[in-house]
>>> print(open('run-v3.cif').read())   # mmCIF, C-alpha atoms
data_my_file
loop_
_atom_site.label_atom_id
_atom_site.label_comp_id
_atom_site.auth_asym_id
_atom_site.auth_seq_id
_atom_site.Cartn_x
_atom_site.Cartn_y
_atom_site.Cartn_z
CA MET A 668 33.86 -21.04 73.73
CA VAL A 669 33.04 -20.25 70.12
CA ASP A 670 34.83 -22.13 67.34
CA LEU A 671 34.99 -20.54 63.88
CA LYS A 672 35.44 -23.11 61.11
CA PHE A 673 35.96 -22.57 57.40
CA CYS A 674 36.75 -24.84 54.48
CA ASP A 675 39.96 -24.34 52.54
CA LEU A 676 40.16 -24.78 48.79
CA PHE A 677 40.95 -28.48 48.97
CA GLY A 678 38.26 -29.51 51.44
CA THR A 679 39.92 -29.36 54.86
CA TRP A 680 38.36 -27.54 57.79
CA GLN A 681 40.47 -24.81 59.40
CA HIS A 682 39.46 -23.16 62.68
CA MET A 683 40.18 -20.68 65.42
CA THR A 684 38.50 -20.35 68.80
CA LEU A 685 37.59 -17.48 71.13
CA PRO A 686 35.72 -17.10 74.44
CA VAL A 687 32.00 -16.60 74.00
CA ARG A 688 32.21 -13.14 75.65
CA ALA A 689 34.55 -12.00 72.82
CA LEU A 690 31.94 -12.67 70.11
CA ASP A 691 29.35 -9.94 69.68
CA GLU A 692 26.90 -8.97 66.96
CA SER A 693 29.53 -6.97 65.09
CA ALA A 694 31.36 -10.18 64.18
CA PHE A 695 28.43 -11.23 62.00
CA ASP A 696 28.37 -7.89 60.17
CA GLU A 697 32.02 -6.83 60.16
CA GLY A 698 33.81 -10.19 60.29
CA LEU A 699 36.94 -11.35 62.10
CA GLY A 700 40.42 -11.01 60.58
CA PHE A 701 42.85 -13.83 59.74
CA ASP A 702 45.92 -14.50 57.56
CA GLY A 703 44.72 -15.78 54.17
CA SER A 704 48.29 -16.31 52.91
CA SER A 705 48.74 -19.25 55.29
CA ILE A 706 45.87 -21.19 53.68
CA ARG A 707 46.73 -23.48 50.76
CA GLY A 708 45.99 -21.99 47.36
CA TRP A 709 44.62 -18.70 48.70
CA GLN A 710 46.21 -15.28 49.05
CA GLY A 711 49.76 -14.08 48.45
CA ILE A 712 51.58 -12.69 51.47
CA GLN A 713 51.31 -9.15 50.05
CA GLU A 714 47.48 -9.35 50.30
CA SER A 715 47.10 -11.69 53.24
CA ASP A 716 44.38 -9.99 55.31
CA MET A 717 41.00 -11.68 54.99
CA LEU A 718 37.74 -11.72 56.97
CA LEU A 719 35.79 -14.63 58.45
CA MET A 720 32.04 -14.04 58.34
CA PRO A 721 30.24 -16.42 60.74
CA GLN A 722 27.02 -17.92 59.37
CA ALA A 723 24.49 -18.03 62.19
CA GLU A 724 22.34 -20.73 60.56
CA SER A 725 25.27 -23.17 60.77
CA ALA A 726 25.50 -23.08 64.59
CA ILE A 727 25.82 -26.39 66.45
CA LEU A 728 27.37 -27.46 69.73
CA ASP A 729 30.74 -28.93 68.80
CA PRO A 730 30.58 -32.67 69.60
CA ALA A 731 34.36 -33.11 69.94
CA THR A 732 35.33 -30.53 72.58
CA ALA A 733 35.63 -30.92 76.36
CA ALA A 734 34.31 -27.42 77.14
CA PRO A 735 30.90 -26.40 75.76
CA THR A 736 31.74 -24.88 72.37
CA LEU A 737 29.49 -23.24 69.81
CA SER A 738 30.68 -24.18 66.31
CA LEU A 739 30.02 -21.72 63.47
CA ILE A 740 30.88 -22.24 59.80
CA CYS A 741 32.27 -19.08 58.21
CA GLU A 742 32.46 -17.61 54.73
CA ILE A 743 35.33 -15.47 53.48
CA VAL A 744 35.26 -11.79 52.47
CA ASP A 745 37.91 -9.41 51.15
CA PRO A 746 38.42 -6.70 53.84
CA VAL A 747 39.10 -3.94 51.30
CA THR A 748 36.37 -4.50 48.72
CA ARG A 749 33.96 -6.30 51.10
CA GLU A 750 33.29 -8.64 48.19
CA PRO A 751 32.85 -12.41 48.66
CA TYR A 752 36.14 -14.21 48.12
CA ALA A 753 36.17 -16.00 44.75
CA LYS A 754 38.03 -19.02 46.16
CA ASP A 755 35.72 -19.57 49.13
CA PRO A 756 34.23 -23.03 48.47
CA ARG A 757 31.06 -22.46 50.49
CA GLN A 758 30.18 -19.34 48.55
CA ILE A 759 30.74 -21.22 45.28
CA ALA A 760 28.16 -23.78 46.44
CA ARG A 761 25.71 -21.00 47.30
CA ARG A 762 26.30 -19.32 43.93
CA ALA A 763 25.53 -22.63 42.20
CA GLU A 764 22.17 -22.74 43.98
CA GLU A 765 21.49 -19.11 43.06
CA HIS A 766 22.40 -19.83 39.44
CA LEU A 767 20.00 -22.78 39.40
CA ARG A 768 17.15 -20.53 40.53
CA SER A 769 18.09 -17.84 38.00
CA THR A 770 17.75 -20.30 35.10
CA GLY A 771 14.13 -21.04 35.98
CA VAL A 772 14.81 -24.76 35.49
CA ALA A 773 14.35 -25.57 39.18
CA ASP A 774 14.61 -23.88 42.55
CA THR A 775 16.17 -26.69 44.61
CA ALA A 776 18.89 -29.28 44.02
CA PHE A 777 18.86 -32.11 46.52
CA PHE A 778 22.05 -34.08 47.17
CA GLY A 779 22.47 -37.29 49.12
CA PRO A 780 26.02 -38.69 49.30
CA GLU A 781 27.06 -42.14 50.51
CA CYS A 782 30.44 -41.47 52.12
CA GLU A 783 32.60 -44.56 52.67
CA PHE A 784 35.65 -44.68 54.94
CA PHE A 785 38.06 -47.06 56.65
CA VAL A 786 38.55 -47.40 60.40
CA PHE A 787 42.04 -48.67 61.26
CA ASP A 788 43.69 -49.69 64.51
CA GLU A 789 47.10 -48.41 63.46
CA VAL A 790 48.62 -46.31 60.70
CA SER A 791 52.16 -45.15 59.94
CA TYR A 792 53.82 -43.61 56.90
CA GLU A 793 57.15 -42.04 56.00
CA LEU A 794 58.49 -40.20 52.96
CA GLY A 795 62.22 -39.53 52.85
CA PRO A 796 64.90 -39.06 50.19
CA ASN A 797 66.19 -42.63 50.57
CA ARG A 798 63.22 -44.52 52.02
CA SER A 799 59.45 -44.58 52.07
CA HIS A 800 56.81 -46.78 53.62
CA TYR A 801 53.21 -46.94 54.74
CA ALA A 802 51.39 -49.44 56.90
CA VAL A 803 47.76 -49.68 57.97
CA ASP A 804 46.30 -52.36 60.18
CA SER A 805 42.90 -53.52 61.35
CA GLY A 806 41.98 -56.50 63.51
CA GLU A 807 39.39 -57.30 60.83
CA GLY A 808 42.00 -57.41 58.05
CA TYR A 809 42.32 -60.76 56.29
CA TRP A 810 46.11 -60.47 56.54
CA ASN A 811 45.77 -61.00 60.31
CA SER A 812 44.07 -64.39 60.04
CA GLY A 813 47.38 -66.18 60.63
CA LYS A 814 48.06 -64.37 63.91
CA PRO A 815 46.79 -65.54 67.32
CA GLY A 816 43.44 -63.86 67.88
CA LEU A 817 39.70 -64.44 67.76
CA GLY A 818 39.52 -65.28 64.05
CA TYR A 819 36.96 -62.67 63.02
CA THR A 820 38.61 -61.35 59.89
CA ALA A 821 36.91 -60.46 56.61
CA ARG A 822 38.11 -62.05 53.38
CA PRO A 823 38.87 -59.61 50.53
CA LYS A 824 35.66 -58.21 48.99
CA GLU A 825 33.54 -60.08 51.56
CA GLY A 826 33.01 -57.39 54.19
CA TYR A 827 29.50 -56.39 53.08
CA PHE A 828 26.81 -56.58 55.81
CA PRO A 829 28.32 -59.17 58.21
CA ALA A 830 26.70 -59.31 61.64
CA ALA A 831 28.59 -59.06 64.94
CA PRO A 832 30.99 -60.38 66.06
CA SER A 833 32.45 -60.31 62.54
CA ASP A 834 31.42 -56.65 62.30
CA THR A 835 33.54 -55.29 65.15
CA LEU A 836 32.74 -51.66 64.34
CA HIS A 837 28.97 -51.63 64.84
CA ASP A 838 29.06 -49.76 68.15
CA VAL A 839 31.60 -47.26 66.83
CA ARG A 840 29.38 -46.46 63.83
CA THR A 841 26.32 -46.23 66.06
CA GLU A 842 28.07 -43.64 68.21
CA MET A 843 28.95 -41.72 65.05
CA VAL A 844 25.31 -41.77 63.91
CA LEU A 845 23.94 -40.73 67.29
CA THR A 846 26.47 -37.89 67.45
CA LEU A 847 25.45 -36.68 63.99
CA GLU A 848 21.76 -36.90 64.89
CA ARG A 849 22.42 -34.94 68.08
CA VAL A 850 23.87 -32.02 66.10
CA GLY A 851 20.95 -32.01 63.68
CA ILE A 852 22.23 -34.14 60.80
CA PRO A 853 19.70 -36.85 59.90
CA CYS A 854 21.23 -40.22 59.01
CA GLU A 855 19.85 -43.29 57.30
CA PHE A 856 21.65 -46.65 57.24
CA HIS A 857 25.04 -47.49 58.65
CA HIS A 858 26.81 -50.74 57.83
CA HIS A 859 30.09 -52.48 57.15
CA GLU A 860 31.24 -52.12 53.56
CA VAL A 861 32.73 -54.60 51.09
CA ALA A 862 36.45 -54.28 51.79
CA SER A 863 38.33 -56.11 54.49
CA GLY A 864 40.18 -54.04 57.09
CA GLY A 865 37.33 -51.97 58.53
CA GLN A 866 35.53 -50.32 55.62
CA CYS A 867 32.31 -48.57 56.69
CA GLU A 868 29.47 -46.45 55.36
CA ILE A 869 27.00 -44.07 57.00
CA ASP A 870 24.35 -42.59 54.71
CA LEU A 871 23.09 -39.04 55.19
CA ARG A 872 19.49 -38.08 54.47
CA PHE A 873 19.32 -35.84 51.39
CA THR A 874 19.06 -32.07 51.65
CA SER A 875 19.87 -28.98 49.58
CA LEU A 876 23.32 -28.55 48.02
CA THR A 877 25.10 -26.11 50.35
CA ARG A 878 23.51 -27.54 53.47
CA MET A 879 24.58 -31.03 52.43
CA ALA A 880 28.14 -29.85 51.87
CA ASP A 881 28.07 -28.43 55.42
CA HIS A 882 26.78 -31.80 56.62
CA VAL A 883 29.56 -33.70 54.83
CA MET A 884 32.21 -31.53 56.49
CA THR A 885 30.61 -32.14 59.91
CA TYR A 886 30.22 -35.85 59.08
CA LYS A 887 33.93 -36.27 58.40
CA TYR A 888 34.76 -34.33 61.57
CA VAL A 889 32.49 -36.53 63.68
CA VAL A 890 33.69 -39.80 62.13
CA LYS A 891 37.34 -38.96 62.75
CA ASN A 892 36.83 -37.74 66.30
CA VAL A 893 34.59 -40.62 67.39
CA ALA A 894 37.11 -43.08 65.95
CA ARG A 895 39.86 -41.38 67.92
CA ARG A 896 37.84 -41.62 71.13
CA HIS A 897 37.81 -45.38 70.57
CA GLY A 898 41.58 -45.50 70.05
CA LYS A 899 41.17 -45.93 66.29
CA THR A 900 41.74 -43.76 63.25
CA ALA A 901 39.39 -43.09 60.32
CA THR A 902 40.38 -42.13 56.78
CA PHE A 903 38.41 -41.07 53.71
CA MET A 904 41.41 -41.82 51.49
CA PRO A 905 39.88 -43.62 48.50
CA LYS A 906 42.25 -46.59 48.21
CA PRO A 907 44.35 -47.30 51.32
CA ILE A 908 44.44 -51.11 50.80
CA PHE A 909 45.81 -52.76 47.67
CA GLY A 910 43.76 -55.54 46.09
CA ASP A 911 40.43 -54.72 47.75
CA ASN A 912 37.60 -52.28 47.17
CA GLY A 913 38.17 -48.57 47.65
CA SER A 914 35.97 -45.94 49.28
CA GLY A 915 33.66 -43.80 47.17
CA MET A 916 31.04 -41.11 47.65
CA HIS A 917 28.14 -42.15 45.44
CA THR A 918 26.10 -38.96 45.10
CA HIS A 919 22.32 -39.02 44.63
CA GLN A 920 20.90 -35.91 42.94
CA SER A 921 17.47 -34.57 42.01
CA LEU A 922 15.92 -31.26 40.94
CA TRP A 923 12.67 -29.81 42.30
CA LYS A 924 10.57 -26.73 41.57
CA GLU A 925 7.97 -25.27 43.92
CA GLY A 926 7.85 -28.54 45.81
CA THR A 927 7.39 -30.68 42.71
CA PRO A 928 10.00 -33.31 41.70
CA LEU A 929 11.28 -32.84 38.14
CA MET A 930 13.18 -36.08 37.54
CA ALA A 931 10.23 -38.47 37.20
CA ASP A 932 8.17 -39.62 34.21
CA ARG A 933 6.80 -43.16 34.45
CA SER A 934 6.73 -43.46 30.66
CA GLY A 935 10.45 -42.81 30.36
CA TYR A 936 13.36 -45.23 30.66
CA ALA A 937 13.80 -46.13 34.35
CA GLY A 938 11.03 -43.64 35.10
CA LEU A 939 13.23 -40.69 34.13
CA SER A 940 11.84 -37.45 32.74
CA GLN A 941 13.39 -35.84 29.67
CA LEU A 942 14.87 -33.18 31.99
CA ALA A 943 16.55 -35.92 34.02
CA ARG A 944 17.92 -37.56 30.85
CA ALA A 945 19.45 -34.24 29.81
CA TYR A 946 20.92 -33.83 33.32
CA VAL A 947 22.51 -37.27 32.94
CA GLY A 948 23.75 -36.22 29.50
CA GLY A 949 25.49 -33.23 31.06
CA LEU A 950 27.19 -35.34 33.72
CA LEU A 951 28.42 -37.83 31.11
CA ALA A 952 29.60 -35.13 28.69
CA HIS A 953 31.63 -33.34 31.35
CA ALA A 954 32.62 -36.35 33.50
CA PRO A 955 36.38 -36.29 32.70
CA ALA A 956 36.58 -32.63 33.75
CA LEU A 957 34.23 -33.14 36.71
CA LEU A 958 36.53 -35.77 38.17
CA ALA A 959 39.22 -33.15 38.72
CA PHE A 960 36.91 -31.95 41.53
CA CYS A 961 34.97 -35.14 42.32
CA ALA A 962 37.89 -37.60 42.40
CA PRO A 963 40.60 -35.04 43.14
CA THR A 964 43.60 -37.06 44.37
CA THR A 965 46.19 -39.28 42.74
CA ASN A 966 44.91 -42.03 45.05
CA SER A 967 41.38 -41.64 43.62
CA TYR A 968 42.59 -43.35 40.44
CA ARG A 969 43.85 -46.37 42.39
CA ARG A 970 40.14 -46.86 43.18
CA LEU A 971 38.79 -46.11 39.70
CA VAL A 972 40.09 -49.29 38.07
CA PRO A 973 38.23 -52.35 36.74
CA GLY A 974 37.65 -55.30 39.05
CA PHE A 975 36.70 -53.64 42.33
CA GLU A 976 33.09 -52.54 41.73
CA ALA A 977 34.41 -49.10 40.77
CA PRO A 978 32.35 -47.13 38.22
CA VAL A 979 34.89 -46.71 35.45
CA ASN A 980 32.42 -46.77 32.53
CA LEU A 981 30.86 -43.46 31.44
CA VAL A 982 27.35 -44.77 30.81
CA TYR A 983 24.07 -44.86 32.72
CA SER A 984 21.67 -47.64 33.62
CA GLN A 985 18.82 -48.58 35.93
CA ARG A 986 19.87 -50.68 38.94
CA ASN A 987 23.28 -51.35 37.37
CA ARG A 988 26.16 -50.63 39.76
CA SER A 989 28.77 -51.20 37.06
CA ALA A 990 27.74 -47.95 35.31
CA CYS A 991 29.00 -44.57 36.49
CA ILE A 992 25.40 -43.31 36.72
CA ARG A 993 22.79 -45.58 38.25
CA ILE A 994 19.05 -44.93 38.38
CA PRO A 995 17.82 -46.42 41.68
CA MET A 996 14.57 -48.39 41.28
CA TYR A 997 13.59 -48.96 44.92
CA SER A 998 10.40 -46.91 44.64
CA GLU A 999 7.92 -45.76 41.98
CA SER A 1000 7.20 -42.54 43.85
CA PRO A 1001 8.14 -39.44 41.79
CA LYS A 1002 9.60 -37.97 44.98
CA ALA A 1003 12.11 -40.81 45.15
CA LYS A 1004 13.27 -40.52 41.54
CA ARG A 1005 16.88 -39.45 41.36
CA ILE A 1006 20.16 -40.24 39.65
CA GLU A 1007 23.27 -41.56 41.40
CA PHE A 1008 26.69 -40.44 40.16
CA ARG A 1009 29.10 -43.09 41.42
CA CYS A 1010 32.54 -41.74 40.44
CA PRO A 1011 33.15 -39.22 43.28
CA ASP A 1012 34.98 -40.05 46.49
CA ALA A 1013 34.93 -38.36 49.87
CA ALA A 1014 38.43 -36.89 49.48
CA ALA A 1015 36.61 -34.26 47.40
CA ASN A 1016 35.77 -30.81 48.68
CA PRO A 1017 31.97 -31.28 48.89
CA TYR A 1018 31.18 -27.62 48.17
CA LEU A 1019 33.12 -27.70 44.89
CA ALA A 1020 32.18 -31.25 43.90
CA PHE A 1021 28.41 -30.78 44.42
CA ALA A 1022 28.48 -27.38 42.69
CA ALA A 1023 30.41 -28.80 39.71
CA MET A 1024 27.97 -31.72 39.33
CA LEU A 1025 24.99 -29.37 39.38
CA MET A 1026 26.61 -27.11 36.79
CA ALA A 1027 27.29 -30.08 34.49
CA GLY A 1028 23.71 -31.31 34.83
CA LEU A 1029 22.32 -27.83 34.18
CA ASP A 1030 24.49 -27.49 31.08
CA GLY A 1031 23.03 -30.77 29.85
CA ILE A 1032 19.48 -29.47 30.40
CA GLN A 1033 20.09 -26.12 28.75
CA ARG A 1034 21.77 -27.73 25.72
CA GLY A 1035 19.32 -30.64 25.53
CA LEU A 1036 22.10 -33.23 25.70
CA GLU A 1037 21.11 -36.86 25.20
CA PRO A 1038 22.83 -39.48 27.38
CA GLY A 1039 22.77 -42.16 24.67
CA ALA A 1040 21.62 -45.73 25.13
CA PRO A 1041 21.59 -47.22 28.64
CA ALA A 1042 23.91 -50.10 29.50
CA ASP A 1043 21.71 -52.79 31.06
CA PHE A 1044 24.41 -55.44 31.24
CA ASP A 1045 27.36 -56.25 33.49
CA LEU A 1046 30.06 -53.87 32.35
CA PHE A 1047 32.57 -55.60 34.63
CA ALA A 1048 32.06 -58.92 32.86
CA GLU A 1049 31.64 -57.74 29.27
CA ALA A 1050 34.27 -55.65 27.52
CA HIS A 1051 32.94 -52.98 25.18
CA GLU A 1052 35.66 -50.92 23.56
CA GLU A 1053 33.19 -48.29 22.34
CA ILE A 1054 32.18 -47.35 25.91
CA PRO A 1055 34.23 -44.38 27.17
CA GLN A 1056 35.92 -44.67 30.52
CA VAL A 1057 36.94 -42.29 33.28
CA PRO A 1058 40.38 -40.67 33.13
CA GLY A 1059 43.17 -43.00 34.15
CA SER A 1060 44.90 -40.52 36.44
CA LEU A 1061 44.52 -37.19 38.19
CA ALA A 1062 46.83 -35.71 35.54
CA GLU A 1063 44.36 -36.73 32.81
CA ALA A 1064 41.40 -35.30 34.77
CA LEU A 1065 43.22 -31.98 35.23
CA THR A 1066 43.95 -31.82 31.50
CA ALA A 1067 40.26 -32.48 30.83
CA LEU A 1068 39.30 -29.66 33.20
CA GLU A 1069 41.77 -27.35 31.51
CA SER A 1070 40.03 -27.84 28.15
CA ASP A 1071 36.44 -28.19 29.43
CA HIS A 1072 35.44 -25.68 32.11
CA GLU A 1073 33.20 -23.12 30.40
CA PHE A 1074 30.13 -24.81 31.89
CA LEU A 1075 31.50 -24.04 35.37
CA LEU A 1076 31.84 -20.31 34.63
CA ALA A 1077 28.13 -19.82 33.88
CA GLY A 1078 26.52 -17.41 36.31
CA ASP A 1079 29.99 -16.60 37.73
CA VAL A 1080 29.70 -19.70 39.91
CA PHE A 1081 33.32 -20.78 39.46
CA SER A 1082 36.03 -18.33 38.44
CA LYS A 1083 38.88 -18.84 36.01
CA GLU A 1084 41.27 -17.88 38.80
CA LEU A 1085 40.00 -20.71 41.01
CA ILE A 1086 40.20 -23.27 38.21
CA GLU A 1087 43.71 -22.17 37.27
CA THR A 1088 44.81 -22.26 40.92
CA TRP A 1089 43.28 -25.72 41.35
CA ILE A 1090 45.02 -27.16 38.29
CA ALA A 1091 48.41 -25.60 39.08
CA TRP A 1092 48.35 -26.64 42.75
CA LYS A 1093 47.28 -30.21 42.01
CA ARG A 1094 49.90 -30.66 39.31
CA GLU A 1095 52.77 -29.22 41.31
CA ASN A 1096 51.96 -30.47 44.81
CA GLU A 1097 50.24 -33.79 44.16
CA VAL A 1098 50.75 -35.16 40.64
CA ASP A 1099 54.47 -34.29 40.55
CA THR A 1100 55.03 -35.41 44.15
CA VAL A 1101 53.86 -38.90 43.23
CA ARG A 1102 55.23 -38.94 39.68
CA LEU A 1103 58.81 -37.95 40.53
CA ARG A 1104 59.40 -40.18 43.55
CA PRO A 1105 60.75 -43.76 43.32
CA HIS A 1106 58.00 -46.24 44.22
CA PRO A 1107 58.58 -49.30 46.45
CA ALA A 1108 57.12 -51.53 43.70
CA GLU A 1109 59.88 -50.31 41.37
CA PHE A 1110 62.50 -51.87 43.65
CA THR A 1111 60.65 -55.17 43.40
CA LEU A 1112 60.54 -54.87 39.62
CA TYR A 1113 63.86 -53.28 38.74
CA PHE A 1114 66.49 -53.36 41.50
CA ASP A 1115 68.19 -56.44 40.10
CA CYS A 1116 68.01 -55.34 36.48
#
>>> encode(input="run-v3.cif", output="structure tokens")
Amino acid sequence: MVDLKFCDLFGTWQHMTLPVRALDESAFDEGLGFDGSSIRGWQGIQESDMLLMPQAESAILDPATAAPTLSLICEIVDPVTREPYAKDPRQIARRAEEHLRSTGVADTAFFGPECEFFVFDEVSYELGPNRSHYAVDSGEGYWNSGKPGLGYTARPKEGYFPAAPSDTLHDVRTEMVLTLERVGIPCEFHHHEVASGGQCEIDLRFTSLTRMADHVMTYKYVVKNVARRHGKTATFMPKPIFGDNGSGMHTHQSLWKEGTPLMADRSGYAGLSQLARAYVGGLLAHAPALLAFCAPTTNSYRRLVPGFEAPVNLVYSQRNRSACIRIPMYSESPKAKRIEFRCPDAAANPYLAFAAMLMAGLDGIQRGLEPGAPADFDLFAEAHEEIPQVPGSLAEALTALESDHEFLLAGDVFSKELIETWIAWKRENEVDTVRLRPHPAEFTLYFDC
């Protein structure tokens, strides 16, 4: 079989499948038709016909199917104009890379995300007019310590790096890594993360922007399907457990030109070049708007709060994980010099999030933005009112994007139509859904008023 996958506007893979005999060379040139009006945020029903264009370089053997299945990532084309579809996330990522090359600043942007996720044994949720609930459970969860069992639970914020048998998910993560390696996605470390209840991380080896976004989509697919094979469920929801750390997607970034790294200068602060400082300046200047794409859910802002190692402060620093941008200091090699933007989470559409980060950094370089003074102190322990913080909600991030998006339009990378669609959809279908509904905590607070 051949499986044709494409990414919708909000970062979810869609697919359809056909027998291998039904796919010939014409599919790569002429495309295959589908209904674009059934995809969130895309076409109206009066202009629903769209084309899938398989990308041969993306081919892998699907690791989750029983029958041998060739998996191809597709891009989207208008069947009438034959033009690339302006709301196709993968093409936005490719346009960002093309724009980078056109500026002459660099020819390659490398991205290396650290995607965190939870693996649960059970999950249930319900949303009705007169009731709502959710429940997640993990044998590792500290809330299970009072139940008969083996006693290997992790206390809140104490799940980082425990060895087996406390780390019950080692073999599951190893299977995920070996599956990713088998389909050509190089991995680095895997380990248990800080939160109780089965929080995990698998790090991907850095690569170019669009290719890394492809890898992140495959990564999430593999993680979820391997977890299911083990009778468990995986989620990249940023904050599924109250009172413990949430899941982020710390994103390492660097620019190169003709094989030469551009971020390093040993005489600069933290070994950063002036170009890298300006890149950081761009990320900081546009961070509130960026988070509409990089932390794109109402739940993202349950994670971005003080007290849980979340990067809420819009400053940069070497080694300092309490700043939103960290400069790793593990190596003095210029090839290893990079910046780490810590605000994103893996609920983001990686094509849009990586492209938006690159565009913000490029804007900083082209305008010569200065990032200000570094914050080489514990921002979690010391309050500094003058330090700006991330938006407090998705609604605030969307408002920031509404007023600050010109940097995304450079080189026709993003379109105004996409940004307007994104803001309208998120407000109506996510912000209002949460804002208008009675919350269980309100019954605790107000029922007896």
>>> residues_around(input="run-v3.cif", residues="Met1026 (chain A)", least_positions_apart="2", cutoff="9 Å", atoms="only C-alpha atoms", output="MDAnalysis selection string")
chainID A and resid 763 766:767 949:950 1021:1024 1028:1031 1074:1077 1080
>>> resolve_selection(input="run-v3.cif", expression="the PyMOL selection byres ((chain A and resi 877-890) around 9)", output="JSON, numbers by chain")
{"A": [674, 678, 679, 680, 725, 730, 731, 740, 757, 758, 760, 761, 763, 764, 777, 778, 779, 780, 782, 784, 840, 843, 844, 846, 847, 852, 871, 872, 873, 874, 875, 876, 891, 892, 893, 894, 895, 901, 902, 903, 1013, 1016, 1017, 1018, 1019, 1021, 1022]}
>>> resolve_selection(input="run-v3.cif", expression="the PyMOL selection byres ((chain A and resi 942) around 9)", output="PDB file with C-alpha atoms, in the frame of the given file")
ATOM      1  CA  LEU A 929      11.280 -32.840  38.140  1.00  0.00           C
ATOM      2  CA  MET A 930      13.180 -36.080  37.540  1.00  0.00           C
ATOM      3  CA  ALA A 931      10.230 -38.470  37.200  1.00  0.00           C
ATOM      4  CA  LEU A 939      13.230 -40.690  34.130  1.00  0.00           C
ATOM      5  CA  SER A 940      11.840 -37.450  32.740  1.00  0.00           C
ATOM      6  CA  GLN A 941      13.390 -35.840  29.670  1.00  0.00           C
ATOM      7  CA  ALA A 943      16.550 -35.920  34.020  1.00  0.00           C
ATOM      8  CA  ARG A 944      17.920 -37.560  30.850  1.00  0.00           C
ATOM      9  CA  ALA A 945      19.450 -34.240  29.810  1.00  0.00           C
ATOM     10  CA  TYR A 946      20.920 -33.830  33.320  1.00  0.00           C
ATOM     11  CA  VAL A 947      22.510 -37.270  32.940  1.00  0.00           C
ATOM     12  CA  GLY A1031      23.030 -30.770  29.850  1.00  0.00           C
ATOM     13  CA  ILE A1032      19.480 -29.470  30.400  1.00  0.00           C
ATOM     14  CA  GLY A1035      19.320 -30.640  25.530  1.00  0.00           C
TER      15      GLY A1035
END
>>> closest_residue(input="run-v3.cif", among="A:Thr1088, A:Ser1000, A:Gln1056, A:Ser805", to="Thr927 (chain A)", atoms="only C-alpha atoms")
A:Ser1000
>>> residues_around(input="run-v3.cif", residues="region 1108-1113 of chain A", least_positions_apart="4", cutoff="12 Å", atoms="only C-alpha atoms", output="MDAnalysis selection string")
chainID A and resid 798:800 1104
>>> atom_distance(input="run-v3.cif", atom1="CA of Arg1009 (chain A)", atom2="CA of Arg762 (chain A)")
24.1 Å
>>> resolve_selection(input="run-v3.cif", expression="the PyMOL selection byres ((chain A and resi 808-821) around 6)", output="NGL selection string")
:A and (805-807 or 822 or 826 or 833 or 863-864)
>>> residues_near_point(input="run-v3.cif", point="(15.5, -46.9, 38.4)", cutoff="9 Å", atoms="only C-alpha atoms", output="list in words")
Tyr936, Ala937, Gly938, Leu939, Ser984, Gln985, Arg986, Arg993, Ile994, Pro995, Met996, Tyr997, Ser998, Glu999, Lys1004, Arg1005 and Ile1006 of chain A
>>> closest_residue(input="run-v3.cif", among="A:Ala689, A:Cys991, A:Val972, A:Ala1064", to="Leu951 (chain A)", atoms="all atoms listed in the file")
A:Cys991
>>> closest_residue(input="run-v3.cif", among="A:Ser693, A:Arg849, A:Pro1038, A:Pro905", to="Ala952 (chain A)", atoms="all atoms listed in the file")
A:Pro1038
>>> residues_around(input="run-v3.cif", residues="Leu1065 (chain A)", least_positions_apart="6", cutoff="9 Å", atoms="all atoms listed in the file", output="list of chain:residue names")
A:Pro955, A:Ala956, A:Leu958, A:Ala959, A:Phe960, A:Pro963, A:Trp1089, A:Ile1090, A:Lys1093, A:Arg1094
>>> residues_near_point(input="run-v3.cif", point="(50.9, -28.3, 45.6)", cutoff="12 Å", atoms="only C-alpha atoms", output="list in words")
Leu676, Phe677, Ile706, Arg707, Gly708, Trp709, Thr964, Thr1088, Trp1089, Ile1090, Ala1091, Trp1092, Lys1093, Arg1094, Glu1095, Asn1096, Glu1097, Val1098, Asp1099, Thr1100 and Val1101 of chain A
>>> write_last_selection(input="run-v3.cif", atoms="C-alpha atoms", output="PDB file, in the frame of the given file")
ATOM      1  CA  LEU A 676      40.160 -24.780  48.790  1.00  0.00           C
ATOM      2  CA  PHE A 677      40.950 -28.480  48.970  1.00  0.00           C
ATOM      3  CA  ILE A 706      45.870 -21.190  53.680  1.00  0.00           C
ATOM      4  CA  ARG A 707      46.730 -23.480  50.760  1.00  0.00           C
ATOM      5  CA  GLY A 708      45.990 -21.990  47.360  1.00  0.00           C
ATOM      6  CA  TRP A 709      44.620 -18.700  48.700  1.00  0.00           C
ATOM      7  CA  THR A 964      43.600 -37.060  44.370  1.00  0.00           C
ATOM      8  CA  THR A1088      44.810 -22.260  40.920  1.00  0.00           C
ATOM      9  CA  TRP A1089      43.280 -25.720  41.350  1.00  0.00           C
ATOM     10  CA  ILE A1090      45.020 -27.160  38.290  1.00  0.00           C
ATOM     11  CA  ALA A1091      48.410 -25.600  39.080  1.00  0.00           C
ATOM     12  CA  TRP A1092      48.350 -26.640  42.750  1.00  0.00           C
ATOM     13  CA  LYS A1093      47.280 -30.210  42.010  1.00  0.00           C
ATOM     14  CA  ARG A1094      49.900 -30.660  39.310  1.00  0.00           C
ATOM     15  CA  GLU A1095      52.770 -29.220  41.310  1.00  0.00           C
ATOM     16  CA  ASN A1096      51.960 -30.470  44.810  1.00  0.00           C
ATOM     17  CA  GLU A1097      50.240 -33.790  44.160  1.00  0.00           C
ATOM     18  CA  VAL A1098      50.750 -35.160  40.640  1.00  0.00           C
ATOM     19  CA  ASP A1099      54.470 -34.290  40.550  1.00  0.00           C
ATOM     20  CA  THR A1100      55.030 -35.410  44.150  1.00  0.00           C
ATOM     21  CA  VAL A1101      53.860 -38.900  43.230  1.00  0.00           C
TER      22      VAL A1101
END
